[in-house]
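Chemist: Structure: target-v3.pdb, PDB, C-alpha atoms, pLDDT in the B column.
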```pdb
MODEL        1
ATOM      1  CA  MET B   1      12.617  22.906   2.893  1.00 94.00           C
ATOM      2  CA  ILE B   2      11.379  19.755   1.159  1.00 96.00           C
ATOM      3  CA  SER B   3      13.577  16.688   1.681  1.00 98.00           C
ATOM      4  CA  ILE B   4      13.701  13.980  -0.971  1.00 98.00           C
ATOM      5  CA  LEU B   5      15.458  10.610  -0.836  1.00 98.00           C
ATOM      6  CA  PHE B   6      15.773   8.741  -4.132  1.00 98.00           C
ATOM      7  CA  VAL B   7      16.156   4.998  -3.607  1.00 98.00           C
ATOM      8  CA  CYS B   8      17.100   2.025  -5.782  1.00 98.00           C
ATOM      9  CA  HIS B   9      18.634  -1.380  -5.191  1.00 97.00           C
ATOM     10  CA  GLY B  10      22.337  -0.495  -5.016  1.00 96.00           C
ATOM     11  CA  ASN B  11      22.459   3.331  -5.009  1.00 97.00           C
ATOM     12  CA  ILE B  12      24.951   3.474  -7.861  1.00 96.00           C
ATOM     13  CA  CYS B  13      22.752   3.755 -10.989  1.00 96.00           C
ATOM     14  CA  ARG B  14      19.140   4.967 -10.875  1.00 98.00           C
ATOM     15  CA  SER B  15      18.930   6.748  -7.524  1.00 98.00           C
ATOM     16  CA  THR B  16      22.199   8.619  -7.979  1.00 97.00           C
ATOM     17  CA  MET B  17      21.097   9.574 -11.480  1.00 98.00           C
ATOM     18  CA  ALA B  18      17.760  10.857 -10.124  1.00 98.00           C
ATOM     19  CA  GLN B  19      19.533  12.768  -7.346  1.00 98.00           C
ATOM     20  CA  SER B  20      21.765  14.576  -9.847  1.00 98.00           C
ATOM     21  CA  VAL B  21      18.988  15.150 -12.421  1.00 98.00           C
ATOM     22  CA  PHE B  22      16.539  16.553  -9.863  1.00 98.00           C
ATOM     23  CA  ALA B  23      19.196  18.773  -8.273  1.00 98.00           C
ATOM     24  CA  HIS B  24      20.150  20.095 -11.716  1.00 98.00           C
ATOM     25  CA  MET B  25      16.517  20.806 -12.614  1.00 97.00           C
ATOM     26  CA  ALA B  26      15.916  22.609  -9.321  1.00 97.00           C
ATOM     27  CA  ALA B  27      19.108  24.664  -9.751  1.00 97.00           C
ATOM     28  CA  SER B  28      18.166  25.567 -13.344  1.00 96.00           C
ATOM     29  CA  GLN B  29      14.934  27.066 -12.032  1.00 95.00           C
ATOM     30  CA  GLY B  30      16.560  28.826  -9.066  1.00 94.00           C
ATOM     31  CA  LEU B  31      14.872  26.499  -6.580  1.00 95.00           C
ATOM     32  CA  SER B  32      17.834  24.686  -5.008  1.00 94.00           C
ATOM     33  CA  GLU B  33      17.387  26.318  -1.610  1.00 95.00           C
ATOM     34  CA  HIS B  34      13.941  24.737  -1.319  1.00 96.00           C
ATOM     35  CA  PHE B  35      15.216  21.161  -1.458  1.00 97.00           C
ATOM     36  CA  HIS B  36      17.430  18.747   0.421  1.00 97.00           C
ATOM     37  CA  ILE B  37      18.163  15.862  -1.960  1.00 98.00           C
ATOM     38  CA  ASP B  38      19.971  12.588  -1.309  1.00 98.00           C
ATOM     39  CA  SER B  39      19.896   8.967  -2.438  1.00 98.00           C
ATOM     40  CA  ALA B  40      20.222   5.526  -0.889  1.00 98.00           C
ATOM     41  CA  ALA B  41      20.003   1.790  -1.538  1.00 98.00           C
ATOM     42  CA  THR B  42      17.710  -0.903  -0.257  1.00 98.00           C
ATOM     43  CA  SER B  43      20.607  -3.379  -0.261  1.00 96.00           C
ATOM     44  CA  ARG B  44      24.064  -3.382   1.272  1.00 96.00           C
ATOM     45  CA  GLU B  45      25.838  -4.717  -1.835  1.00 94.00           C
ATOM     46  CA  GLU B  46      27.364  -1.467  -3.073  1.00 95.00           C
ATOM     47  CA  ILE B  47      27.817   0.484   0.174  1.00 96.00           C
ATOM     48  CA  GLY B  48      30.735   2.886  -0.142  1.00 96.00           C
ATOM     49  CA  ASN B  49      30.976   2.611  -3.917  1.00 97.00           C
ATOM     50  CA  PRO B  50      30.768   5.636  -6.237  1.00 96.00           C
ATOM     51  CA  PRO B  51      28.108   5.962  -8.949  1.00 96.00           C
ATOM     52  CA  HIS B  52      28.299   3.417 -11.778  1.00 96.00           C
ATOM     53  CA  TYR B  53      30.395   4.519 -14.753  1.00 96.00           C
ATOM     54  CA  GLY B  54      27.288   4.233 -16.977  1.00 96.00           C
ATOM     55  CA  THR B  55      25.484   6.819 -14.848  1.00 97.00           C
ATOM     56  CA  VAL B  56      28.576   9.029 -14.756  1.00 97.00           C
ATOM     57  CA  ASN B  57      28.991   8.822 -18.539  1.00 97.00           C
ATOM     58  CA  LYS B  58      25.303   9.484 -19.281  1.00 98.00           C
ATOM     59  CA  LEU B  59      25.169  12.538 -17.034  1.00 98.00           C
ATOM     60  CA  ARG B  60      28.401  13.853 -18.559  1.00 97.00           C
ATOM     61  CA  GLN B  61      26.961  13.293 -22.049  1.00 98.00           C
ATOM     62  CA  VAL B  62      23.877  15.420 -21.284  1.00 98.00           C
ATOM     63  CA  GLY B  63      25.785  18.077 -19.326  1.00 97.00           C
ATOM     64  CA  ILE B  64      24.382  17.377 -15.864  1.00 97.00           C
ATOM     65  CA  PRO B  65      26.872  17.624 -13.004  1.00 95.00           C
ATOM     66  CA  LEU B  66      27.218  14.445 -10.994  1.00 94.00           C
ATOM     67  CA  ILE B  67      26.636  14.975  -7.287  1.00 92.00           C
ATOM     68  CA  PRO B  68      29.564  13.345  -5.469  1.00 91.00           C
ATOM     69  CA  HIS B  69      28.118  10.371  -3.643  1.00 93.00           C
ATOM     70  CA  ARG B  70      29.022   7.052  -2.057  1.00 97.00           C
ATOM     71  CA  ALA B  71      26.376   4.356  -1.889  1.00 97.00           C
ATOM     72  CA  ARG B  72      24.611   3.962   1.439  1.00 98.00           C
ATOM     73  CA  GLN B  73      21.671   1.943   2.653  1.00 98.00           C
ATOM     74  CA  MET B  74      18.345   3.522   3.526  1.00 98.00           C
ATOM     75  CA  THR B  75      17.517   3.446   7.240  1.00 98.00           C
ATOM     76  CA  ARG B  76      14.389   3.667   9.355  1.00 97.00           C
ATOM     77  CA  GLN B  77      15.635   7.111  10.441  1.00 98.00           C
ATOM     78  CA  ASP B  78      15.520   8.225   6.792  1.00 98.00           C
ATOM     79  CA  TYR B  79      11.785   7.562   6.838  1.00 98.00           C
ATOM     80  CA  ARG B  80      11.424   9.950   9.759  1.00 97.00           C
ATOM     81  CA  GLU B  81      13.680  12.630   8.260  1.00 97.00           C
ATOM     82  CA  TYR B  82      12.580  12.769   4.611  1.00 98.00           C
ATOM     83  CA  ASP B  83       9.315  14.121   3.219  1.00 97.00           C
ATOM     84  CA  TYR B  84       9.463  11.991   0.065  1.00 98.00           C
ATOM     85  CA  LEU B  85      11.153   8.591  -0.314  1.00 98.00           C
ATOM     86  CA  ILE B  86      11.089   7.710  -3.981  1.00 98.00           C
ATOM     87  CA  GLY B  87      11.819   4.249  -5.333  1.00 98.00           C
ATOM     88  CA  MET B  88      12.324   3.157  -8.905  1.00 98.00           C
ATOM     89  CA  ASP B  89      10.399  -0.129  -9.066  1.00 97.00           C
ATOM     90  CA  ASP B  90       8.059  -2.355  -7.057  1.00 97.00           C
ATOM     91  CA  SER B  91      10.908  -4.319  -5.524  1.00 97.00           C
ATOM     92  CA  ASN B  92      12.437  -1.067  -4.231  1.00 97.00           C
ATOM     93  CA  ILE B  93       9.079  -0.046  -2.770  1.00 98.00           C
ATOM     94  CA  ARG B  94       8.623  -3.370  -0.947  1.00 98.00           C
ATOM     95  CA  ASN B  95      12.143  -3.169   0.481  1.00 98.00           C
ATOM     96  CA  MET B  96      11.733   0.484   1.444  1.00 98.00           C
ATOM     97  CA  GLU B  97       8.544  -0.346   3.336  1.00 98.00           C
ATOM     98  CA  ARG B  98      10.317  -3.236   5.043  1.00 98.00           C
ATOM     99  CA  ILE B  99      13.195  -0.993   6.123  1.00 98.00           C
ATOM    100  CA  ALA B 100      10.835   1.773   7.269  1.00 97.00           C
ATOM    101  CA  GLY B 101       8.475  -0.594   9.080  1.00 97.00           C
ATOM    102  CA  GLY B 102       5.631   0.285   6.711  1.00 97.00           C
ATOM    103  CA  ASP B 103       4.500   3.592   5.262  1.00 98.00           C
ATOM    104  CA  PRO B 104       2.051   5.033   7.798  1.00 97.00           C
ATOM    105  CA  GLU B 105       2.682   8.632   6.655  1.00 97.00           C
ATOM    106  CA  HIS B 106       2.360   7.806   2.921  1.00 97.00           C
ATOM    107  CA  LYS B 107       5.811   9.158   2.052  1.00 98.00           C
ATOM    108  CA  ILE B 108       6.939   6.308  -0.231  1.00 98.00           C
ATOM    109  CA  TYR B 109       6.353   6.661  -3.977  1.00 98.00           C
ATOM    110  CA  ARG B 110       7.560   5.247  -7.273  1.00 98.00           C
ATOM    111  CA  LEU B 111       9.217   8.008  -9.299  1.00 98.00           C
ATOM    112  CA  LEU B 112       7.064   7.635 -12.397  1.00 98.00           C
ATOM    113  CA  GLU B 113       3.868   7.925 -10.325  1.00 97.00           C
ATOM    114  CA  PHE B 114       4.380  11.680 -10.519  1.00 97.00           C
ATOM    115  CA  SER B 115       4.057  11.578 -14.311  1.00 96.00           C
ATOM    116  CA  GLY B 116       0.945   9.387 -14.115  1.00 96.00           C
ATOM    117  CA  SER B 117       2.751   6.253 -15.259  1.00 95.00           C
ATOM    118  CA  SER B 118       2.666   2.810 -13.715  1.00 92.00           C
ATOM    119  CA  ARG B 119       5.983   1.893 -15.377  1.00 94.00           C
ATOM    120  CA  ALA B 120       9.021   0.957 -13.348  1.00 96.00           C
ATOM    121  CA  ILE B 121      12.393   2.477 -14.145  1.00 97.00           C
ATOM    122  CA  ALA B 122      14.460  -0.393 -15.496  1.00 93.00           C
ATOM    123  CA  ASP B 123      17.742  -1.070 -13.737  1.00 95.00           C
ATOM    124  CA  PRO B 124      20.583  -0.357 -16.179  1.00 95.00           C
ATOM    125  CA  TRP B 125      22.838  -2.598 -14.092  1.00 92.00           C
ATOM    126  CA  TYR B 126      20.939  -5.440 -15.776  1.00 93.00           C
ATOM    127  CA  THR B 127      19.751  -3.833 -19.038  1.00 92.00           C
ATOM    128  CA  GLY B 128      22.926  -1.898 -19.831  1.00 93.00           C
ATOM    129  CA  ASN B 129      20.686   0.834 -21.266  1.00 96.00           C
ATOM    130  CA  PHE B 130      21.462   4.059 -19.433  1.00 97.00           C
ATOM    131  CA  ASP B 131      19.739   6.103 -22.168  1.00 97.00           C
ATOM    132  CA  ILE B 132      16.284   4.657 -21.419  1.00 97.00           C
ATOM    133  CA  THR B 133      16.907   4.942 -17.680  1.00 98.00           C
ATOM    134  CA  TYR B 134      17.883   8.594 -18.120  1.00 98.00           C
ATOM    135  CA  GLU B 135      14.726   9.314 -20.157  1.00 98.00           C
ATOM    136  CA  ASP B 136      12.511   7.729 -17.502  1.00 98.00           C
ATOM    137  CA  VAL B 137      14.363   9.413 -14.619  1.00 98.00           C
ATOM    138  CA  THR B 138      14.039  12.766 -16.390  1.00 98.00           C
ATOM    139  CA  GLU B 139      10.318  12.248 -16.964  1.00 98.00           C
ATOM    140  CA  GLY B 140       9.770  11.394 -13.302  1.00 98.00           C
ATOM    141  CA  CYS B 141      11.952  14.192 -11.955  1.00 98.00           C
ATOM    142  CA  GLN B 142      10.266  16.813 -14.147  1.00 98.00           C
ATOM    143  CA  ALA B 143       6.839  15.697 -12.957  1.00 97.00           C
ATOM    144  CA  LEU B 144       7.992  15.583  -9.329  1.00 98.00           C
ATOM    145  CA  LEU B 145       9.424  19.087  -9.536  1.00 97.00           C
ATOM    146  CA  GLU B 146       6.225  20.423 -11.100  1.00 96.00           C
ATOM    147  CA  THR B 147       4.202  18.746  -8.332  1.00 95.00           C
ATOM    148  CA  LEU B 148       6.369  20.217  -5.584  1.00 96.00           C
ATOM    149  CA  LYS B 149       6.613  23.719  -7.052  1.00 91.00           C
ATOM    150  CA  SER B 150       3.074  24.409  -5.914  1.00 84.00           C
ATOM    151  CA  ASP B 151       4.240  23.855  -2.318  1.00 78.00           C
ATOM    152  CA  ILE B 152       7.114  26.321  -2.546  1.00 80.00           C
ATOM    153  CA  LEU B 153       5.924  29.084  -4.892  1.00 66.00           C
TER     154      LEU B 153
ENDMDL
END
```
Rewrite the structure from the file as structure tokens, please.
Modeler:
Amino acid sequence: MISILFVCHGNICRSTMAQSVFAHMAASQGLSEHFHIDSAATSREEIGNPPHYGTVNKLRQVGIPLIPHRARQMTRQDYREYDYLIGMDDSNIRNMERIAGGDPEHKIYRLLEFSGSSRAIADPWYTGNFDITYEDVTEGCQALLETLKSDIL
């Protein structure tokens, strides 16, 4: 089983969206049993809060089930337990490496790296644009799933 932890600043917008999108994609292809998927924050600001209403509304609009989730902070133990820890922007990556004590096993990635892009996924908490965030998350999740399929098929 491949374990994936999606990470953003607060764990209420981008990472929860990626968690639900990736899980939906895997389920649509009959691959759910090959993955353990979760999400976390680099900060403590939103701990215990549900996904942002913008994420909830966008996923509802496109027909993707929201995975029930409460925001939590990434831990050093997560680095040990997950195969892939995937951040949304450079700030997330720096904070993830700080929490993990570095990245000696090269498990930390930016989501859009898998699609060959150097773009960050903009935080809709600040932009208010959940449509663009969804498009970028979808692009990254599709590329990630294609990358990982070779390991499981």
Chemist: For segment 47-50 of chain B, I'd like the enclosing box, axis-aligned and padded by 3 Å on every side, reported as AutoDock Vina command-line options with centre and edge lengths in Å to one decimal.
Modeler:
```
--center_x 29.4 --center_y 3.1 --center_z -3.0 --size_x 9.2 --size_y 11.2 --size_z 12.4
```
Chemist: Run the PyMOL selection byres ((chain B and resi 20) around 9) mentally over the shown coordinates, then write out the matched residues as a list in words, using the chain letters and numbers from the document.
Modeler: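 So the PyMOL selection byres ((chain B and resi 20) around 9), applied here, picks out Ser15, Thr16, Met17, Ala18, Gln19, Val21, Phe22, Ala23, His24, Met25, Ile37, Asp38, Leu59, Ile64, Pro65, Leu66 and Ile67 of chain B.
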Chemist: Which residues would end up in the selection if the PyMOL selection byres ((chain B and resi 74) around 12) were applied here, given that I need the answer as an MDAnalysis selection string?
Modeler: chainID B and resid 5:11 15 38:44 47 71:73 75:82 85:87 92:93 95:100
Chemist: Rank nothing, just name the residue among B:Thr133, B:Ser3, B:Ser117, B:Ser32 nearest to Gly54 of chain B, using only C-alpha atoms.
Modeler: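 Ranking B:Thr133, B:Ser3, B:Ser117, B:Ser32 by distance to Gly54 of chain B, first place goes to B:Thr133.
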Chemist: How many Å lie between atom CA of Ile121 of chain B and atom CA of Arg14 of chain B, rounded to one decimal?
Modeler: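 So the two atoms, atom CA of Ile121 of chain B and atom CA of Arg14 of chain B, lie 7.9 Å apart.
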Chemist: Restricting the calculation to all atoms listed in the file, which member of B:Asp83, B:Gly101, B:His52, B:Tyr126 is positioned closest to Phe35 of chain B?
Modeler: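 Of B:Asp83, B:Gly101, B:His52, B:Tyr126, the one nearest Phe35 of chain B is B:Asp83, counting all atoms listed in the file.
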Chemist: If the PyMOL selection byres ((chain B and resi 120) around 10) were run on this exact file, what residues would it hold? Put them as a list of chain:residue names.
Modeler: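 The output of the PyMOL selection byres ((chain B and resi 120) around 10) on this file is B:Gly87, B:Met88, B:Asp89, B:Asp90, B:Ser91, B:Asn92, B:Arg110, B:Leu111, B:Leu112, B:Glu113, B:Ser117, B:Ser118, B:Arg119, B:Ile121, B:Ala122, B:Asp123, B:Thr133, B:Asp136.
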Chemist: Just how far from atom CA of Tyr53 of chain B is atom CA of Ala143 of chain B, in Å to one decimal?
Modeler: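 Computed distance, atom CA of Ala143 of chain B to atom CA of Tyr53 of chain B, equals 26.1 Å.
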Chemist: Between atom CA of Tyr134 of chain B and atom CA of His34 of chain B, measure the distance and give it in Å to one decimal.
Modeler: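 Spanning atom CA of Tyr134 of chain B to atom CA of His34 of chain B is a straight-line distance of 23.6 Å.
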Chemist: Nearest to His69 of chain B among B:Ile12, B:Leu144, B:Leu31, B:Ile108, with distances taken over all atoms listed in the file: which residue is it?
Modeler: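 Of all the options, B:Ile12 lies closest to His69 of chain B.
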Chemist: Using all atoms listed in the file, which of B:His36, B:Thr55, B:Met1, B:Ser28 sits nearest Ile132 of chain B?
Modeler: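 Closest to Ile132 of chain B of all the choices is B:Thr55.
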